[in-house]
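Engineer: One file: my_file14.txt (compact mmCIF, C-alpha atoms).
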# COMPACT_ATOMS: atom_id res chain seq x y z
CA MET A 1 172.52 164.52 55.29
CA SER A 2 174.99 162.53 57.39
CA ALA A 3 174.98 162.78 61.18
CA PRO A 4 177.64 165.01 62.73
CA THR A 5 180.68 163.31 64.20
CA ILE A 6 180.86 162.57 67.91
CA ASP A 7 183.60 165.21 68.26
CA HIS A 8 181.34 167.78 66.68
CA THR A 9 178.46 166.79 68.96
CA LEU A 10 180.69 166.97 72.01
CA ASP A 11 181.95 170.38 70.99
CA GLU A 12 178.41 171.70 70.58
CA ILE A 13 177.43 170.38 74.01
CA LEU A 14 180.42 172.07 75.64
CA ASN A 15 179.70 175.33 73.82
CA LEU A 16 176.05 175.30 74.85
CA ALA A 17 176.81 174.42 78.48
CA ALA A 18 179.51 177.10 78.73
CA ALA A 19 177.28 179.78 77.25
CA HIS A 20 174.18 178.94 79.25
CA PHE A 21 175.82 178.40 82.62
CA LYS A 22 178.32 181.22 82.06
CA VAL A 23 181.45 179.12 82.47
CA PRO A 24 184.55 179.88 80.35
CA ARG A 25 184.54 177.38 77.47
CA GLU A 26 188.24 176.61 77.94
CA LYS A 27 187.53 175.37 81.46
CA LEU A 28 185.30 172.56 80.21
CA THR A 29 186.77 169.24 79.09
CA PRO A 30 184.96 166.12 77.79
CA ASP A 31 185.58 164.03 80.89
CA ASP A 32 184.48 166.65 83.40
CA ASP A 33 181.68 165.81 85.81
CA PHE A 34 179.18 168.39 84.57
CA PHE A 35 177.37 168.56 87.90
CA LYS A 36 180.62 169.71 89.54
CA THR A 37 182.18 171.75 86.73
CA LEU A 38 179.00 173.66 86.01
CA GLY A 39 177.94 173.69 89.67
CA ILE A 40 174.43 172.52 88.82
CA ASP A 41 171.74 170.57 90.67
CA SER A 42 169.19 168.14 89.25
CA LEU A 43 166.79 170.95 88.32
CA GLN A 44 169.49 172.69 86.28
CA ALA A 45 170.54 169.35 84.77
CA LEU A 46 166.97 168.96 83.58
CA ASP A 47 167.15 172.45 82.11
CA LEU A 48 170.38 171.47 80.31
CA LEU A 49 168.73 168.31 78.96
CA THR A 50 165.82 170.35 77.58
CA ARG A 51 168.17 172.84 75.93
CA LEU A 52 170.18 170.02 74.37
CA GLU A 53 167.01 168.35 73.07
CA HIS A 54 165.94 171.62 71.46
CA HIS A 55 169.42 172.29 70.06
CA PHE A 56 169.86 168.86 68.49
CA ARG A 57 166.14 168.45 67.71
CA ILE A 58 166.02 165.09 69.42
CA GLU A 59 164.14 163.42 72.24
CA LEU A 60 166.46 162.01 74.89
CA PRO A 61 164.57 160.25 77.68
CA ASP A 62 165.96 161.22 81.07
CA TYR A 63 166.39 157.57 82.08
CA GLU A 64 169.13 157.30 79.46
CA LEU A 65 171.07 159.83 81.51
CA GLN A 66 170.80 157.88 84.74
CA GLY A 67 174.28 157.69 86.19
CA VAL A 68 175.70 159.88 83.42
CA SER A 69 177.68 162.84 84.73
CA ASP A 70 180.44 163.48 82.16
CA PHE A 71 180.14 165.34 78.86
CA ARG A 72 181.65 162.54 76.78
CA THR A 73 179.05 159.96 77.81
CA LEU A 74 176.33 162.56 77.41
CA ALA A 75 177.57 163.20 73.85
CA ASN A 76 177.45 159.46 73.12
CA ARG A 77 173.84 159.27 74.31
CA ILE A 78 172.90 162.23 72.13
CA GLN A 79 174.83 160.87 69.15
CA ALA A 80 172.78 157.67 69.33
CA ARG A 81 169.63 159.75 68.78
CA LEU A 82 170.84 161.85 65.82
CA MET B 1 136.28 187.47 97.33
CA ASN B 2 137.66 189.06 94.15
CA GLU B 3 141.21 189.09 95.43
CA PHE B 4 143.04 186.76 97.73
CA ARG B 5 146.63 186.63 98.85
CA GLY B 6 147.45 183.35 100.56
CA GLN B 7 150.63 181.62 101.68
CA THR B 8 150.75 179.25 98.71
CA LEU B 9 148.60 180.92 96.07
CA SER B 10 146.80 184.14 95.20
CA TRP B 11 144.07 185.18 92.84
CA GLN B 12 142.69 188.30 91.25
CA VAL B 13 140.47 189.19 88.29
CA VAL B 14 142.30 190.98 85.48
CA ASN B 15 140.48 192.04 82.31
CA GLY B 16 137.76 189.44 82.78
CA ALA B 17 140.18 186.60 83.50
CA ILE B 18 140.73 185.13 86.95
CA GLU B 19 144.45 184.71 87.45
CA LEU B 20 145.35 182.04 89.98
CA ALA B 21 149.05 182.36 90.82
CA LEU B 22 150.95 179.59 92.62
CA HIS B 23 153.83 180.76 94.80
CA ARG B 24 154.90 178.23 97.35
CA ASP B 25 158.68 177.68 97.45
CA PRO B 26 160.58 175.77 96.25
CA CYS B 27 158.36 174.60 93.37
CA ASN B 28 154.69 174.74 94.42
CA GLU B 29 154.67 171.35 96.11
CA ILE B 30 151.03 170.56 96.85
CA GLY B 31 150.55 169.73 100.52
CA SER B 32 147.84 170.38 103.09
CA LEU B 33 148.27 174.17 103.11
CA THR B 34 148.05 174.41 99.32
CA LEU B 35 145.03 172.12 99.41
CA ASP B 36 143.32 174.37 102.00
CA GLU B 37 143.86 177.39 99.78
CA LEU B 38 142.83 175.54 96.62
CA GLU B 39 139.59 174.63 98.40
CA GLN B 40 139.06 178.29 99.24
CA PHE B 41 139.56 179.09 95.58
CA ALA B 42 137.15 176.38 94.44
CA ALA B 43 134.54 177.75 96.88
CA ALA B 44 135.04 181.29 95.56
CA LEU B 45 135.01 180.21 91.90
CA PRO B 46 131.24 180.34 91.23
CA GLY B 47 131.15 183.92 92.52
CA LEU B 48 134.25 184.93 90.59
CA ALA B 49 132.85 183.32 87.44
CA LYS B 50 130.02 185.87 87.39
CA GLU B 51 132.47 188.59 86.41
CA ALA B 52 134.95 186.57 84.35
CA HIS B 53 135.09 184.51 81.19
CA ALA B 54 138.39 182.71 81.73
CA LEU B 55 140.67 181.28 84.39
CA ILE B 56 144.44 181.27 84.03
CA ILE B 57 146.55 179.14 86.38
CA HIS B 58 150.26 179.96 86.49
CA SER B 59 153.28 179.97 88.76
CA THR B 60 155.35 182.96 89.83
CA LEU B 61 158.32 180.75 90.77
CA LYS B 62 161.37 180.38 88.56
CA ALA B 63 161.68 176.60 89.06
CA GLY B 64 158.43 175.86 87.33
CA PHE B 65 154.69 175.40 87.44
CA SER B 66 154.66 172.73 90.15
CA ALA B 67 156.75 169.75 91.22
CA GLY B 68 153.58 167.96 92.35
CA ALA B 69 152.55 166.51 95.67
CA ASP B 70 154.49 167.47 98.78
CA LEU B 71 156.21 164.12 99.30
CA ARG B 72 158.10 165.26 102.40
CA GLU B 73 154.81 166.13 104.10
CA LEU B 74 153.32 162.84 102.94
CA PHE B 75 156.25 160.97 104.47
CA GLN B 76 156.23 163.01 107.69
CA ARG B 77 152.49 162.56 108.25
CA GLY B 78 152.90 158.83 107.69
CA GLN B 79 155.56 158.71 110.42
CA GLU B 80 153.44 160.58 112.94
CA MET B 81 150.50 158.20 113.03
CA GLU B 82 149.46 154.57 112.94
CA ARG B 83 149.44 152.93 109.52
CA ALA B 84 145.63 152.70 109.32
CA ALA B 85 145.25 156.34 110.35
CA ALA B 86 147.88 157.40 107.80
CA LEU B 87 146.01 155.56 105.08
CA ARG B 88 142.74 157.22 106.09
CA GLY B 89 144.53 160.56 105.97
CA VAL B 90 145.84 159.89 102.47
CA ARG B 91 142.40 158.89 101.23
CA GLU B 92 140.84 162.00 102.75
CA PHE B 93 143.52 164.20 101.14
CA LEU B 94 142.94 162.56 97.75
CA GLU B 95 139.18 162.93 97.98
CA ARG B 96 139.55 166.60 98.85
CA ILE B 97 142.02 167.35 96.04
CA HIS B 98 139.85 165.40 93.58
CA ALA B 99 136.88 167.57 94.58
CA VAL B 100 138.94 170.69 93.82
CA MET B 101 140.25 169.30 90.52
CA ASN B 102 136.75 168.24 89.47
CA ALA B 103 135.40 171.71 90.27
CA LEU B 104 138.13 173.31 88.15
CA ASP B 105 137.54 170.80 85.37
CA ALA B 106 133.79 171.43 85.36
CA THR B 107 133.72 175.21 85.64
CA PRO B 108 131.95 176.83 82.67
CA LEU B 109 134.84 179.27 82.37
CA THR B 110 137.47 178.59 79.73
CA THR B 111 140.50 177.48 81.72
CA ILE B 112 144.11 177.92 80.66
CA ALA B 113 147.23 176.52 82.32
CA ALA B 114 150.28 178.69 81.61
CA VAL B 115 153.15 176.37 82.50
CA HIS B 116 156.92 176.66 82.54
CA GLY B 117 159.81 174.63 83.89
CA VAL B 118 158.98 171.69 86.12
CA THR B 119 155.41 170.48 85.55
CA PHE B 120 155.56 167.16 87.34
CA GLY B 121 153.16 164.78 89.05
CA GLY B 122 150.39 166.67 90.82
CA GLY B 123 151.44 169.85 89.03
CA PHE B 124 150.99 168.13 85.70
CA GLU B 125 147.62 166.88 86.95
CA LEU B 126 146.58 170.43 87.83
CA ALA B 127 147.47 171.54 84.29
CA LEU B 128 145.47 168.63 82.88
CA VAL B 129 142.20 169.89 84.39
CA CYS B 130 142.51 173.00 82.22
CA ASP B 131 140.90 173.31 78.79
CA ILE B 132 144.05 174.70 77.17
CA ILE B 133 147.71 174.27 78.12
CA VAL B 134 150.06 177.04 77.03
CA ALA B 135 153.65 176.02 77.68
CA ASP B 136 156.90 177.92 77.90
CA ARG B 137 159.59 176.50 75.59
CA MET B 138 161.49 175.21 78.63
CA ALA B 139 158.54 173.44 80.27
CA ARG B 140 159.05 169.80 81.14
CA PHE B 141 156.35 167.28 82.01
CA CYS B 142 156.54 164.05 83.96
CA PHE B 143 154.56 161.49 85.90
CA PRO B 144 157.35 160.17 88.19
CA GLU B 145 155.03 158.39 90.64
CA LEU B 146 155.98 154.85 89.62
CA ARG B 147 159.52 155.59 90.85
CA LEU B 148 157.99 155.61 94.34
CA GLY B 149 155.78 152.59 93.81
CA LEU B 150 152.67 154.72 93.30
CA ILE B 151 150.46 155.92 90.49
CA PRO B 152 149.46 159.56 89.96
CA GLY B 153 146.78 160.32 92.55
CA PHE B 154 145.30 163.71 91.67
CA GLY B 155 143.33 162.49 88.65
CA GLY B 156 146.21 162.30 86.20
CA ILE B 157 145.65 158.98 84.49
CA PRO B 158 141.93 159.38 83.67
CA ARG B 159 142.51 162.92 82.40
CA LEU B 160 145.57 161.90 80.38
CA LYS B 161 143.51 159.05 78.88
CA ARG B 162 140.79 161.58 78.07
CA ASP B 163 143.18 163.74 76.09
CA LEU B 164 145.77 161.37 74.57
CA GLY B 165 146.09 158.03 72.83
CA ASN B 166 146.44 155.11 75.21
CA ALA B 167 149.80 154.00 73.75
CA VAL B 168 151.35 157.36 74.60
CA VAL B 169 149.79 157.30 78.07
CA ARG B 170 151.37 153.89 78.71
CA ASP B 171 154.80 155.12 77.64
CA LEU B 172 154.68 158.23 79.83
CA LEU B 173 153.23 156.41 82.82
CA LEU B 174 155.21 153.17 82.71
CA THR B 175 158.61 154.74 81.99
CA GLY B 176 158.09 157.69 84.36
CA ARG B 177 160.22 159.73 81.97
CA SER B 178 160.07 163.47 81.63
CA PHE B 179 159.47 165.02 78.24
CA ASN B 180 159.82 168.44 76.72
CA VAL B 181 157.35 170.84 75.20
CA MET B 182 157.92 169.74 71.60
CA LYS B 183 156.95 166.20 72.54
CA ALA B 184 154.02 167.55 74.55
CA GLN B 185 152.74 169.43 71.53
CA GLN B 186 153.39 166.50 69.18
CA ILE B 187 151.23 164.16 71.26
CA GLY B 188 148.45 166.73 71.56
CA LEU B 189 148.84 167.78 75.16
CA VAL B 190 150.08 171.33 74.66
CA SER B 191 148.26 173.46 72.14
CA GLN B 192 150.43 176.58 72.23
CA ILE B 193 154.16 177.03 72.83
CA ALA B 194 155.49 180.33 74.15
CA ALA B 195 159.03 181.67 74.25
CA GLU B 196 160.87 181.52 77.57
CA ARG B 197 159.03 183.50 80.29
CA GLU B 198 156.20 184.38 77.87
CA ALA B 199 153.61 181.71 78.76
CA LEU B 200 151.53 184.01 80.97
CA ARG B 201 151.45 186.72 78.30
CA VAL B 202 150.34 184.17 75.69
CA ALA B 203 147.72 182.81 78.11
CA ARG B 204 146.38 186.33 78.69
CA ALA B 205 146.10 186.88 74.93
CA THR B 206 144.25 183.57 74.63
CA ALA B 207 141.94 184.53 77.50
CA SER B 208 141.22 187.82 75.78
CA GLN B 209 140.31 185.99 72.57
CA VAL B 210 137.92 183.54 74.25
CA GLY B 211 136.28 186.49 75.97
CA LYS B 212 134.96 187.69 72.62
CA PHE B 213 132.45 184.83 72.45
CA ASP B 214 129.09 184.38 74.11
CA ARG B 215 129.71 182.71 77.48
CA ARG B 216 126.76 180.36 77.31
CA THR B 217 127.85 179.11 73.89
CA ALA B 218 131.44 178.64 75.04
CA ALA B 219 130.28 176.72 78.13
CA ALA B 220 128.04 174.48 75.99
CA ALA B 221 130.94 173.77 73.61
CA LYS B 222 133.23 172.93 76.51
CA ASP B 223 130.66 170.65 78.10
CA PHE B 224 130.26 168.86 74.77
CA VAL B 225 133.97 168.16 74.15
CA LYS B 226 135.30 167.66 77.67
CA PRO B 227 133.58 164.89 79.60
CA ILE B 228 134.79 164.31 83.15
CA PRO B 229 135.67 160.65 83.81
CA TYR B 230 134.20 160.50 87.33
CA GLU B 231 134.14 156.71 87.65
CA GLU B 232 137.79 156.29 86.65
CA LEU B 233 138.76 159.15 88.97
CA LYS B 234 137.18 157.32 91.90
CA ARG B 235 138.95 154.11 90.90
CA GLU B 236 142.27 155.94 90.79
CA ILE B 237 141.89 156.86 94.48
CA ASP B 238 141.24 153.21 95.38
CA ILE B 239 144.27 151.98 93.44
CA PHE B 240 146.51 154.70 94.89
CA CYS B 241 145.46 153.83 98.46
CA ASP B 242 145.98 150.13 97.84
CA LEU B 243 149.53 150.79 96.59
CA TYR B 244 150.28 153.33 99.33
CA SER B 245 149.74 150.72 102.04
CA ARG B 246 152.79 148.69 100.92
CA PRO B 247 156.13 149.03 102.80
CA ALA B 248 158.07 149.70 99.56
CA VAL B 249 156.29 153.02 99.20
CA GLU B 250 157.26 154.13 102.69
CA GLU B 251 160.89 153.28 101.90
CA GLY B 252 160.75 155.24 98.64
CA LEU B 253 159.24 158.25 100.40
CA ARG B 254 161.82 158.01 103.18
CA LYS B 255 164.70 158.12 100.69
CA PHE B 256 163.14 161.13 99.00
CA ALA B 257 162.41 162.95 102.26
CA LYS B 258 165.89 162.29 103.62
CA ASN B 259 167.64 163.09 100.33
CA GLU B 260 169.31 159.68 100.25
CA GLY B 261 170.78 159.34 96.78
CA VAL B 262 167.76 161.03 95.27
CA GLN B 263 167.97 163.76 92.66
CA PRO B 264 164.46 165.15 92.85
CA TYR B 265 164.03 166.01 89.18
CA LEU B 266 165.93 163.11 87.64
CA PRO B 267 165.18 159.36 87.59
Let me see the structure of the file written as structure tokens.
Structural biologist:
Amino acid sequence: MSAPTIDHTLDEILNLAAAHFKVPREKLTPDDDFFKTLGIDSLQALDLLTRLEHHFRIELPDYELQGVSDFRTLANRIQARL
Amino acid sequence: MNEFRGQTLSWQVVNGAIELALHRDPCNEIGSLTLDELEQFAAALPGLAKEAHALIIHSTLKAGFSAGADLRELFQRGQEMERAAALRGVREFLERIHAVMNALDATPLTTIAAVHGVTFGGGFELALVCDIIVADRMARFCFPELRLGLIPGFGGIPRLKRDLGNAVVRDLLLTGRSFNVMKAQQIGLVSQIAAEREALRVARATASQVGKFDRRTAAAAKDFVKPIPYEELKREIDIFCDLYSRPAVEEGLRKFAKNEGVQPYLP
């Protein structure tokens, strides 16, 4: 089975983030700073990381997210693990 | 004392299981007050054990099981006294918390950590003294101490080495990365995974099951499979104190305590 496209991965991340943090999906765009758009702190970011790891069935070490704050880069990091 | 309600933790005996609940905001940081109350619990444990077969340790806080040592208190205490006195204070704290951890590790009761959310540093080390770790699906584990120029100081490395392969221990320790419950189960750290907010219920069911067996037999089995690495635990204190005395550690603690560009749960 081939890996999903980066657009598909990005879309799934935005859907999951919108649903979990109760933000309208249409308000989220790939280049948003997710800390600001979702209004989350580092604890909630860790929660998001765990949910994404479960969703995509991957392991994404937190150090790979150092300095990452936008959905597009996050999707690239996840894509590299699929 | 069959029931206790403290400022940082409480305990009671429910259906033959002692339930030790951690409840110090924001995430059960382990400082001097928690240590005082943990010592009270360790002193009460032999008496409690006469009417119980299991011990469950859990947190009532949403953020998680425990974020580990109270680094702000560690920094503040270090600022209030001379360097040599601060180092003596750290050693004394470590020796006291090791005594508590060793008592929990060695109790003949079957011990179960029911963890969720943040299970970091000293909190992770507290879970590691238990015989069985039941983890909520959203639990996350980490030894972040190297980020501060330290090693885990509450007995984490010897107990991790006891339970896991050394290659995995090196990865977790030397990268300081956090990892989820699936990884924790895969490497053999977590034996049971519970749905979100169900870890305590699963731990209670497990405690009920272990209560069906003869206590003396269960204690003998535990003693046989769970040696306590006392010599390595002592060495850990020495290494921690040696590292703590370096200026880089003080700077790391200062940044954390002052919230300077630090996101507490991320690298």
Engineer: Can you work out which residues from chain B touch chain A at a cut-off of 9 Å (counting all atoms listed in the file) and hand them back as a CSV table (one decimal) with C-alpha atoms, keeping the file's coordinate frame?
Structural biologist:
chain,number,residue,atom,x,y,z
B,63,ALA,CA,161.7,176.6,89.1
B,117,GLY,CA,159.8,174.6,83.9
B,118,VAL,CA,159.0,171.7,86.1
B,137,ARG,CA,159.6,176.5,75.6
B,138,MET,CA,161.5,175.2,78.6
B,139,ALA,CA,158.5,173.4,80.3
B,140,ARG,CA,159.0,169.8,81.1
B,175,THR,CA,158.6,154.7,82.0
B,176,GLY,CA,158.1,157.7,84.4
B,177,ARG,CA,160.2,159.7,82.0
B,178,SER,CA,160.1,163.5,81.6
B,179,PHE,CA,159.5,165.0,78.2
B,180,ASN,CA,159.8,168.4,76.7
B,181,VAL,CA,157.4,170.8,75.2
B,182,MET,CA,157.9,169.7,71.6
B,183,LYS,CA,157.0,166.2,72.5
B,263,GLN,CA,168.0,163.8,92.7
B,264,PRO,CA,164.5,165.2,92.8
B,265,TYR,CA,164.0,166.0,89.2
B,266,LEU,CA,165.9,163.1,87.6
B,267,PRO,CA,165.2,159.4,87.6
Engineer: When you look at Leu94 of chain B with a cut-off of 8 Å (counting all atoms listed in the file), what residues show up, excluding the ones that are within fewer than 2 positions of it in the same chain? I need them as a ChimeraX atom specification.
Structural biologist: /B:90-92,96-98,153-154,237
Engineer: Can you pull out the residues contacting Ile157 of chain B? Cut-off 10 Å, using all atoms listed in the file, and skip same-chain residues under 2 positions away; I want them as a list in words.
Structural biologist: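 These residues fall inside the cut-off: Glu125, Leu128, Phe143, Ile151, Pro152, Gly153, Phe154, Gly155, Arg159, Leu160, Lys161, Arg162, Asp163, Val169, Arg170, Leu173, Glu232, Leu233 and Glu236 of chain B.
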Engineer: Near segment 50-53 of chain B, counting only C-alpha atoms, which residues have an atom at most 6 Å away, once you skip same-chain residues fewer than 5 positions from it, shown as a PyMOL selection string?
Structural biologist: chain B and resi 16-17+109+211
Engineer: Neighbours of His116 of chain B within 6 Å (all atoms listed in the file; same-chain residues fewer than 3 positions away dropped), as a list in words?
Structural biologist: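 Surrounding residues, per the criterion: Gly64, Phe65, Ala135, Asp136 and Ala139 of chain B.
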Engineer: Compute the distance from (133.5, 164.8, 77.2) to each atom, counting all atoms listed in the file, keep the residues with any atom at most 12 Å away, and return them as a PDB file with C-alpha atoms, keeping the file's coordinate frame; use the coordinates of the file.
Structural biologist:
ATOM      1  CA  ASP B 105     137.540 170.800  85.370  1.00  0.00           C
ATOM      2  CA  ALA B 106     133.790 171.430  85.360  1.00  0.00           C
ATOM      3  CA  ASP B 131     140.900 173.310  78.790  1.00  0.00           C
ATOM      4  CA  PRO B 158     141.930 159.380  83.670  1.00  0.00           C
ATOM      5  CA  ARG B 159     142.510 162.920  82.400  1.00  0.00           C
ATOM      6  CA  LYS B 161     143.510 159.050  78.880  1.00  0.00           C
ATOM      7  CA  ARG B 162     140.790 161.580  78.070  1.00  0.00           C
ATOM      8  CA  ASP B 163     143.180 163.740  76.090  1.00  0.00           C
ATOM      9  CA  ALA B 220     128.040 174.480  75.990  1.00  0.00           C
ATOM     10  CA  ALA B 221     130.940 173.770  73.610  1.00  0.00           C
ATOM     11  CA  LYS B 222     133.230 172.930  76.510  1.00  0.00           C
ATOM     12  CA  ASP B 223     130.660 170.650  78.100  1.00  0.00           C
ATOM     13  CA  PHE B 224     130.260 168.860  74.770  1.00  0.00           C
ATOM     14  CA  VAL B 225     133.970 168.160  74.150  1.00  0.00           C
ATOM     15  CA  LYS B 226     135.300 167.660  77.670  1.00  0.00           C
ATOM     16  CA  PRO B 227     133.580 164.890  79.600  1.00  0.00           C
ATOM     17  CA  ILE B 228     134.790 164.310  83.150  1.00  0.00           C
ATOM     18  CA  PRO B 229     135.670 160.650  83.810  1.00  0.00           C
ATOM     19  CA  TYR B 230     134.200 160.500  87.330  1.00  0.00           C
TER      20      TYR B 230
END
Engineer: Using only C-alpha atoms, which residues sit within 12 Å of Val249 of chain B once same-chain residues fewer than 3 positions away are excluded, as a VMD selection string?
Structural biologist: chain B and resid 71 74 to 75 78 145 to 151 240 to 246 252 to 256
Engineer: If you measure from atom CA of Thr5 of chain A to atom CA of Gln79 of chain A, what distance in Å do you get, rounded to one decimal?
Structural biologist: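 Separation of atom CA of Thr5 of chain A and atom CA of Gln79 of chain A: 8.0 Å.
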Engineer: Name the closest residue to Gln12 of chain B among the candidates B:Leu189, B:Ile57, B:Ala85, B:Leu33; distances are taken between atoms, counting only C-alpha atoms.
Structural biologist: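 Among the listed residues, B:Ile57 lies closest to Gln12 of chain B.
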Engineer: Taking (143.6, 182.3, 79.0) in the coordinates of the supplied file, I want to know which residues reach to within 8 Å of it, counting all atoms listed in the file; could you give the answer as a PyMOL selection string?
Structural biologist: chain B and resi 17+54-56+110-113+132+202-208+210
Engineer: What does the distance from atom CA of Asp11 of chain A to atom CA of Ala195 of chain B come to in Å, to one decimal?
Structural biologist: 25.8 Å
Engineer: Just how far from atom CA of Val68 of chain A is atom CA of Leu14 of chain A, in Å to one decimal?
Structural biologist: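 Separation of atom CA of Leu14 of chain A and atom CA of Val68 of chain A: 15.2 Å.
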Engineer: Looking at only C-alpha atoms, which of A:Phe56, A:Asp32, A:Asp7, A:Glu26 is the one that sits closest to Phe71 of chain A?
Structural biologist: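 That would be A:Asp32, the residue with the smallest distance to Phe71 of chain A.
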